[in-house]
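Structure file target_18.cif with mmCIF, C-alpha atoms:
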```
data_upload
loop_
_atom_site.label_atom_id
_atom_site.label_comp_id
_atom_site.auth_asym_id
_atom_site.auth_seq_id
_atom_site.Cartn_x
_atom_site.Cartn_y
_atom_site.Cartn_z
CA MET Z 121 -0.75 4.21 -28.67
CA ASP Z 122 -4.02 2.27 -29.03
CA ASN Z 123 -3.27 0.49 -25.76
CA LEU Z 124 -2.77 3.83 -24.02
CA ASN Z 125 -6.12 5.03 -25.37
CA GLN Z 126 -7.73 1.91 -23.96
CA PHE Z 127 -5.87 2.47 -20.70
CA ALA Z 128 -7.24 6.02 -20.55
CA ARG Z 129 -10.78 4.68 -20.93
CA TYR Z 130 -10.06 2.09 -18.23
CA LEU Z 131 -8.90 4.85 -15.85
CA LYS Z 132 -12.00 6.92 -16.55
CA ARG Z 133 -14.20 3.93 -15.79
CA MET Z 134 -12.35 3.74 -12.46
CA GLY Z 135 -13.55 7.29 -11.79
CA LYS Z 136 -10.20 9.05 -12.31
CA LYS Z 137 -10.43 12.74 -13.12
CA GLU Z 138 -9.21 13.87 -16.53
CA THR Z 139 -6.15 15.60 -15.08
CA VAL Z 140 -5.17 12.43 -13.22
CA VAL Z 141 -5.74 10.31 -16.33
CA GLN Z 142 -3.42 12.55 -18.34
CA GLU Z 143 -0.73 12.38 -15.65
CA LEU Z 144 -0.89 8.57 -15.59
CA ILE Z 145 -0.76 8.38 -19.37
CA HIS Z 146 2.25 10.70 -19.32
CA ASP Z 147 3.99 8.32 -16.90
CA CYS Z 148 3.53 5.50 -19.41
CA GLU Z 149 4.75 7.70 -22.24
CA ARG Z 150 7.94 8.40 -20.29
CA PHE Z 151 8.64 4.68 -20.05
CA THR Z 152 7.69 4.24 -23.72
CA CYS Z 153 10.26 6.86 -24.78
CA TYR Z 154 12.89 5.15 -22.66
CA LEU Z 155 12.07 1.76 -24.20
CA GLU Z 156 12.24 3.16 -27.73
CA GLU Z 157 15.95 3.63 -27.12
CA GLN Z 158 16.21 -0.14 -26.60
CA PRO Z 159 16.22 -2.23 -29.81
CA GLY Z 160 12.68 -3.24 -30.73
CA LYS Z 161 11.19 -2.59 -27.29
CA LEU Z 162 7.54 -1.59 -26.86
CA LEU Z 163 5.61 -0.85 -23.66
CA ASP Z 164 4.07 -4.32 -23.58
CA GLN Z 165 7.40 -6.00 -24.31
CA ALA Z 166 9.20 -4.57 -21.28
CA ASP Z 167 10.70 -6.91 -18.72
CA PRO Z 168 11.64 -6.44 -15.04
CA GLU Z 169 15.19 -5.42 -15.94
CA ASP Z 170 13.81 -2.63 -18.14
CA LEU Z 171 11.64 -1.32 -15.32
CA LEU Z 172 14.48 -1.41 -12.81
CA ALA Z 173 16.86 0.36 -15.19
CA PHE Z 174 14.22 2.98 -16.03
CA THR Z 175 13.58 3.68 -12.35
CA GLN Z 176 17.29 4.18 -11.77
CA GLU Z 177 17.52 6.49 -14.78
CA VAL Z 178 14.57 8.59 -13.57
CA GLU Z 179 16.23 9.03 -10.19
CA ARG Z 180 19.60 9.81 -11.76
CA GLN Z 181 17.84 12.72 -13.42
CA GLY Z 182 16.74 13.95 -10.01
CA LEU Z 183 13.07 13.11 -10.59
CA ASP Z 184 10.67 11.50 -8.13
CA ALA Z 185 9.96 7.96 -9.33
CA LYS Z 186 7.03 7.29 -6.97
CA ASN Z 187 4.26 8.80 -9.09
CA ILE Z 188 5.68 7.43 -12.33
CA LEU Z 189 5.77 3.95 -10.81
CA ARG Z 190 2.14 4.32 -9.76
CA GLY Z 191 1.16 5.00 -13.37
CA LEU Z 192 3.10 1.99 -14.60
CA ALA Z 193 1.68 -0.26 -11.88
CA LEU Z 194 -1.82 0.69 -12.99
CA TYR Z 195 -0.99 0.22 -16.67
CA TYR Z 196 0.40 -3.26 -16.16
CA LYS Z 197 -2.54 -4.16 -13.96
CA PHE Z 198 -4.81 -3.04 -16.80
CA SER Z 199 -2.81 -5.08 -19.33
CA SER Z 200 -2.80 -8.18 -17.05
CA ASN Z 201 0.97 -8.20 -16.61
CA ALA Z 202 0.99 -9.14 -12.94
CA SER Z 203 4.77 -9.43 -12.63
CA LEU Z 204 5.48 -5.88 -13.83
CA SER Z 205 2.50 -4.45 -11.94
CA ASN Z 206 3.71 -6.06 -8.72
CA LEU Z 207 7.29 -4.92 -9.33
CA ALA Z 208 6.22 -1.32 -9.97
CA ASN Z 209 4.14 -1.38 -6.79
CA ALA Z 210 7.03 -2.87 -4.80
CA LEU Z 211 9.50 -0.25 -6.09
CA ARG Z 212 7.01 2.51 -5.29
CA GLU Z 213 6.37 1.14 -1.81
CA GLU Z 214 10.12 1.04 -1.09
CA ARG Z 215 10.37 4.72 -1.92
CA LEU Z 216 7.25 5.64 0.00
CA ALA Z 217 8.52 3.77 3.05
CA ALA Z 218 11.87 5.56 2.87
CA SER Z 219 10.17 8.96 2.84
CA ARG Z 220 7.50 8.08 5.41
CA PRO Z 221 8.04 9.21 9.02
CA LYS Z 222 8.69 6.28 11.32
CA PHE Z 223 5.67 5.28 13.38
CA ASN Z 224 6.26 3.66 16.76
CA LEU Z 225 4.31 0.70 18.13
CA ARG Z 226 3.93 2.66 21.35
CA ASP Z 227 1.75 5.19 19.53
CA PHE Z 228 -0.98 2.71 18.59
CA ARG Z 229 -4.11 2.83 20.68
CA GLY Z 230 -4.99 -0.13 22.83
CA LEU Z 231 -1.64 -1.89 23.20
CA ASP Z 232 -0.29 -2.87 26.61
CA SER Z 233 2.77 -0.73 27.31
CA LYS Z 234 4.47 -3.70 29.02
CA ASP Z 235 4.20 -5.78 25.85
CA VAL Z 236 5.52 -2.89 23.78
CA ALA Z 237 8.44 -2.49 26.21
CA ARG Z 238 9.32 -6.19 25.85
CA LEU Z 239 9.64 -5.75 22.11
CA GLU Z 240 11.52 -2.47 22.45
CA ALA Z 241 14.08 -4.32 24.58
CA LEU Z 242 14.69 -6.51 21.52
CA GLY Z 243 15.09 -3.48 19.26
CA ILE Z 244 11.57 -3.65 17.77
CA ARG Z 245 10.15 -0.15 18.11
CA THR Z 246 8.62 0.85 14.77
CA THR Z 247 5.94 -0.61 12.53
CA GLU Z 248 8.56 -1.44 9.90
CA GLN Z 249 10.61 -3.38 12.45
CA MET Z 250 7.45 -5.17 13.61
CA LEU Z 251 6.59 -6.20 10.04
CA THR Z 252 10.09 -7.53 9.48
CA ALA Z 253 10.15 -9.43 12.78
CA GLY Z 254 6.65 -10.88 12.47
CA GLN Z 255 5.95 -11.33 8.78
CA SER Z 256 5.33 -15.11 8.94
CA PRO Z 257 3.73 -17.55 11.40
CA ALA Z 258 7.15 -19.09 12.10
CA SER Z 259 8.80 -15.74 12.82
CA ARG Z 260 5.95 -14.74 15.12
CA GLN Z 261 6.21 -18.04 17.00
CA ALA Z 262 9.95 -17.50 17.46
CA LEU Z 263 9.35 -13.93 18.60
CA THR Z 264 6.74 -14.89 21.19
CA GLU Z 265 9.17 -17.41 22.67
CA LYS Z 266 11.93 -14.83 22.76
CA SER Z 267 9.94 -11.85 24.01
CA GLY Z 268 7.28 -13.40 26.23
CA VAL Z 269 4.58 -11.45 24.36
CA ALA Z 270 1.54 -13.62 23.60
CA LEU Z 271 1.23 -14.85 20.01
CA GLU Z 272 -2.24 -13.32 19.70
CA THR Z 273 -0.86 -9.94 20.79
CA LEU Z 274 2.02 -10.16 18.31
CA LEU Z 275 -0.44 -10.89 15.53
CA GLU Z 276 -2.47 -7.84 16.54
CA MET Z 277 0.67 -5.68 16.43
CA VAL Z 278 1.62 -7.01 13.00
CA LYS Z 279 -1.87 -6.37 11.63
CA LEU Z 280 -1.90 -2.82 12.99
CA SER Z 281 1.56 -2.25 11.52
CA ASP Z 282 0.46 -3.56 8.13
CA LEU Z 283 -2.60 -1.29 8.16
CA ALA Z 284 -0.31 1.62 9.01
CA ARG Z 285 1.34 1.24 5.60
CA LEU Z 286 -1.74 3.03 4.29
CA GLU Z 287 -1.43 6.78 4.00
CA GLY Z 288 -3.31 8.51 6.83
CA VAL Z 289 -3.85 5.27 8.76
CA LYS Z 290 -1.97 5.41 12.04
CA ALA Z 291 -2.93 5.47 15.74
CA ILE Z 292 -6.69 6.07 15.45
CA ARG Z 293 -7.60 4.81 11.97
CA ALA Z 294 -5.60 1.59 12.31
CA ARG Z 295 -7.32 0.83 15.60
CA LEU Z 296 -10.74 1.62 14.13
CA TYR Z 297 -10.25 -0.68 11.16
CA TYR Z 298 -8.80 -3.43 13.33
CA ASP Z 299 -11.54 -3.29 15.97
CA ALA Z 300 -14.27 -3.12 13.33
CA GLY Z 301 -13.03 -6.33 11.71
CA MET Z 302 -11.23 -4.72 8.77
CA ASP Z 303 -7.95 -5.97 10.22
CA THR Z 304 -6.03 -6.75 7.01
CA LEU Z 305 -5.26 -4.91 3.79
CA GLU Z 306 -6.88 -7.78 1.90
CA LYS Z 307 -10.22 -7.16 3.62
CA LEU Z 308 -10.01 -3.43 2.95
CA ALA Z 309 -9.05 -4.03 -0.67
CA GLY Z 310 -12.18 -6.12 -1.19
CA SER Z 311 -14.53 -3.60 0.42
CA ASP Z 312 -17.02 -1.27 -1.18
CA PRO Z 313 -16.21 2.22 0.18
CA GLN Z 314 -19.84 3.28 0.57
CA GLN Z 315 -20.84 0.10 2.39
CA LEU Z 316 -17.70 0.24 4.50
CA ARG Z 317 -18.48 3.77 5.61
CA LEU Z 318 -21.94 2.68 6.77
CA GLU Z 319 -20.44 -0.25 8.69
CA LEU Z 320 -17.77 1.91 10.35
CA ALA Z 321 -20.31 4.59 11.27
CA ALA Z 322 -22.53 1.93 12.85
CA PHE Z 323 -19.53 0.48 14.70
CA VAL Z 324 -18.54 3.88 16.12
CA GLN Z 325 -22.10 4.55 17.25
CA ARG Z 326 -22.56 1.07 18.72
CA THR Z 327 -19.27 0.90 20.61
CA GLY Z 328 -18.63 4.53 21.51
CA PHE Z 329 -15.26 4.38 19.73
CA GLU Z 330 -13.36 7.61 20.37
CA GLY Z 331 -13.12 8.91 16.84
CA ILE Z 332 -15.26 9.69 13.82
CA PRO Z 333 -15.78 7.35 10.85
CA PRO Z 334 -13.83 8.22 7.70
CA LEU Z 335 -15.49 10.28 4.99
CA LEU Z 336 -16.34 8.53 1.73
CA LYS Z 337 -13.48 10.17 -0.20
CA GLU Z 338 -10.97 9.02 2.41
CA LEU Z 339 -12.29 5.48 2.23
CA GLU Z 340 -12.16 5.47 -1.56
CA ASN Z 341 -8.48 6.40 -1.36
CA THR Z 342 -7.84 3.85 1.40
CA VAL Z 343 -9.48 0.99 -0.52
CA ARG Z 344 -7.62 1.92 -3.71
CA ARG Z 345 -4.30 2.06 -1.89
CA ALA Z 346 -4.98 -1.28 -0.17
CA GLN Z 347 -5.52 -2.80 -3.61
CA GLU Z 348 -2.19 -1.41 -4.84
CA LEU Z 349 0.03 -2.37 -1.92
CA GLU Z 350 2.10 -5.50 -2.27
CA LYS Z 351 1.37 -8.27 0.23
CA ILE Z 352 4.35 -8.60 2.57
CA VAL Z 353 2.84 -10.46 5.57
CA ASP Z 354 1.68 -14.05 5.78
CA PHE Z 355 -1.25 -14.26 8.19
CA GLU Z 356 -2.04 -17.93 7.54
#
```

Translate this file's structure into structure tokens.
Amino acid sequence: MDNLNQFARYLKRMGKKETVVQELIHDCERFTCYLEEQPGKLLDQADPEDLLAFTQEVERQGLDAKNILRGLALYYKFSSNASLSNLANALREERLAASRPKFNLRDFRGLDSKDVARLEALGIRTTEQMLTAGQSPASRQALTEKSGVALETLLEMVKLSDLARLEGVKAIRARLYYDAGMDTLEKLAGSDPQQLRLELAAFVQRTGFEGIPPLLKELENTVRRAQELEKIVDFE
């Protein structure tokens, strides 16, 4: 319980509202109750098998595991258990992706329709398919040889697709972040939302970008989500 009290203080320092803090604590308490049924298990003694079994049990009960997994991901990040934090994030992302409407490459701003058509002919139409097909330098090299789409263009498509994993970041926002130099989740995750908003506003004004810069609250959510998402693409 002392760890959960410390976790609550940690969440408040992050700027979480009291209602959100209580929800996240409740998520951890759910897992704690589940673990208590296992011999000698405590929250900080859980292993990946426990988390997987708990997620399955939650869903067997007809409950939505996504929010619970978010609470656990944050708890294990707080307690420096990277393996469980990453697993909770990965499980949550799987469920978010399954419920997320498919977004087509063709709907991104600024892509050449001929290049998109070349990929569509190979069955690569959505951002998820693009991430699967181009998640490593080797796979992108193979794809450029197969499709005739330039390697630089494929990398752009993969980066846009990765940015589109963020809630609310699709045709316009993904293009804005990409063109303004915030072209990876890692860069967004390391940004200060207030400073980023100033930079994006200046970019829009300087370039005449057709769209408005995000509000501070939107950017705070975007940066937080970028920090939570598991890395699935190798850009090196």

Step by step, work through what the PyMOL selection byres ((chain Z and resi 276-287) around 9) selects in the shown file, and finish by giving those residues as an NGL selection string. :Z and (213 or 217 or 223 or 225 or 228 or 231 or 246-248 or 250-251 or 253-255 or 271-275 or 288-291 or 293-295 or 297-298 or 303-305 or 341-342 or 345-346 or 349 or 352-353 or 355)

Write the residues you've just listed into a file as a short mmCIF file (atom, residue, chain, number, x, y, z; two decimals), in the coordinates of the input, and include C-alpha atoms for each of them.
```cif
data_model
loop_
_atom_site.label_atom_id
_atom_site.label_comp_id
_atom_site.auth_asym_id
_atom_site.auth_seq_id
_atom_site.Cartn_x
_atom_site.Cartn_y
_atom_site.Cartn_z
CA GLU Z 213 6.37 1.14 -1.81
CA ALA Z 217 8.52 3.77 3.05
CA PHE Z 223 5.67 5.28 13.38
CA LEU Z 225 4.31 0.70 18.13
CA PHE Z 228 -0.98 2.71 18.59
CA LEU Z 231 -1.64 -1.89 23.20
CA THR Z 246 8.62 0.85 14.77
CA THR Z 247 5.94 -0.61 12.53
CA GLU Z 248 8.56 -1.44 9.90
CA MET Z 250 7.45 -5.17 13.61
CA LEU Z 251 6.59 -6.20 10.04
CA ALA Z 253 10.15 -9.43 12.78
CA GLY Z 254 6.65 -10.88 12.47
CA GLN Z 255 5.95 -11.33 8.78
CA LEU Z 271 1.23 -14.85 20.01
CA GLU Z 272 -2.24 -13.32 19.70
CA THR Z 273 -0.86 -9.94 20.79
CA LEU Z 274 2.02 -10.16 18.31
CA LEU Z 275 -0.44 -10.89 15.53
CA GLY Z 288 -3.31 8.51 6.83
CA VAL Z 289 -3.85 5.27 8.76
CA LYS Z 290 -1.97 5.41 12.04
CA ALA Z 291 -2.93 5.47 15.74
CA ARG Z 293 -7.60 4.81 11.97
CA ALA Z 294 -5.60 1.59 12.31
CA ARG Z 295 -7.32 0.83 15.60
CA TYR Z 297 -10.25 -0.68 11.16
CA TYR Z 298 -8.80 -3.43 13.33
CA ASP Z 303 -7.95 -5.97 10.22
CA THR Z 304 -6.03 -6.75 7.01
CA LEU Z 305 -5.26 -4.91 3.79
CA ASN Z 341 -8.48 6.40 -1.36
CA THR Z 342 -7.84 3.85 1.40
CA ARG Z 345 -4.30 2.06 -1.89
CA ALA Z 346 -4.98 -1.28 -0.17
CA LEU Z 349 0.03 -2.37 -1.92
CA ILE Z 352 4.35 -8.60 2.57
CA VAL Z 353 2.84 -10.46 5.57
CA PHE Z 355 -1.25 -14.26 8.19
#
```

For the PyMOL selection byres ((chain Z and resi 127-134) around 10), applied here, can you spell out every residue it catches as a compact mmCIF listing (two decimals) with C-alpha atoms, in the coordinates of the input?
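The file below, result_20.txt, is the result:
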```txt
# COMPACT_ATOMS: atom_id res chain seq x y z
CA MET Z 121 -0.75 4.21 -28.67
CA ASP Z 122 -4.02 2.27 -29.03
CA ASN Z 123 -3.27 0.49 -25.76
CA LEU Z 124 -2.77 3.83 -24.02
CA ASN Z 125 -6.12 5.03 -25.37
CA GLN Z 126 -7.73 1.91 -23.96
CA GLY Z 135 -13.55 7.29 -11.79
CA LYS Z 136 -10.20 9.05 -12.31
CA LYS Z 137 -10.43 12.74 -13.12
CA GLU Z 138 -9.21 13.87 -16.53
CA VAL Z 140 -5.17 12.43 -13.22
CA VAL Z 141 -5.74 10.31 -16.33
CA GLN Z 142 -3.42 12.55 -18.34
CA LEU Z 144 -0.89 8.57 -15.59
CA ILE Z 145 -0.76 8.38 -19.37
CA CYS Z 148 3.53 5.50 -19.41
CA LEU Z 194 -1.82 0.69 -12.99
CA TYR Z 195 -0.99 0.22 -16.67
CA TYR Z 196 0.40 -3.26 -16.16
CA PHE Z 198 -4.81 -3.04 -16.80
CA SER Z 199 -2.81 -5.08 -19.33
```

Selection result of the PyMOL selection byres ((chain Z and resi 216) around 12) on this file, as JSON, numbers by chain: {"Z": [184, 185, 186, 187, 189, 190, 209, 210, 211, 212, 213, 214, 215, 217, 218, 219, 220, 221, 222, 285, 286, 287, 349]}

Report, in Å with one decimal, the straight-line distance from CA of Lys351 in chain Z to CA of Ser233 in chain Z.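 It comes out at 28.1 Å.
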
Centre and edge lengths of an axis-aligned box around all listed atoms of range 309-320 of chain Z, with 3 Å added on each side, are to be given in Å to one decimal, as JSON.
```
{"center_x": -15.5, "center_y": -1.2, "center_z": 4.6, "size_x": 18.9, "size_y": 15.9, "size_z": 17.5}
```

With only C-alpha atoms as the basis for distance, which of Z:Ala258, Z:Ala208, Z:Ala193, Z:Ile292 is at the shortest distance from Gly230 in chain Z?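 Result for the nearest residue to Gly230 in chain Z: Z:Ile292.
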
Record the distance separating CA of Lys234 in chain Z and CA of Glu356 in chain Z, expressed in Å with one decimal. 26.6 Å

With all atoms listed in the file as the atoms that count, which of Z:Arg344, Z:Asp299, Z:Asp167, Z:Thr175 lies nearest to Pro313 in chain Z?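 Going through Z:Arg344, Z:Asp299, Z:Asp167, Z:Thr175 one by one, the smallest distance to Pro313 in chain Z is for Z:Arg344.
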
Pick out the closest residue to Asn224 in chain Z from this set: Z:Gln249, Z:Gln176, Z:Gln315, Z:Asn206. Count all atoms listed in the file. Z:Gln249

Could you tell me which of Z:Val324, Z:Cys153, Z:Val269, Z:Ala166 comes closest to Asp232 in chain Z if we count only C-alpha atoms?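 Ranked by minimum distance to Asp232 in chain Z, first place goes to Z:Val269.
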
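CA of Leu308 in chain Z sits 26.1 Å away from CA of Glu143 in chain Z.
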
Given the choices Z:Arg326, Z:Val343, Z:Leu239, Z:Gly331, which gets closest to Asp312 in chain Z if the distance is worked out from all atoms listed in the file? Z:Val343
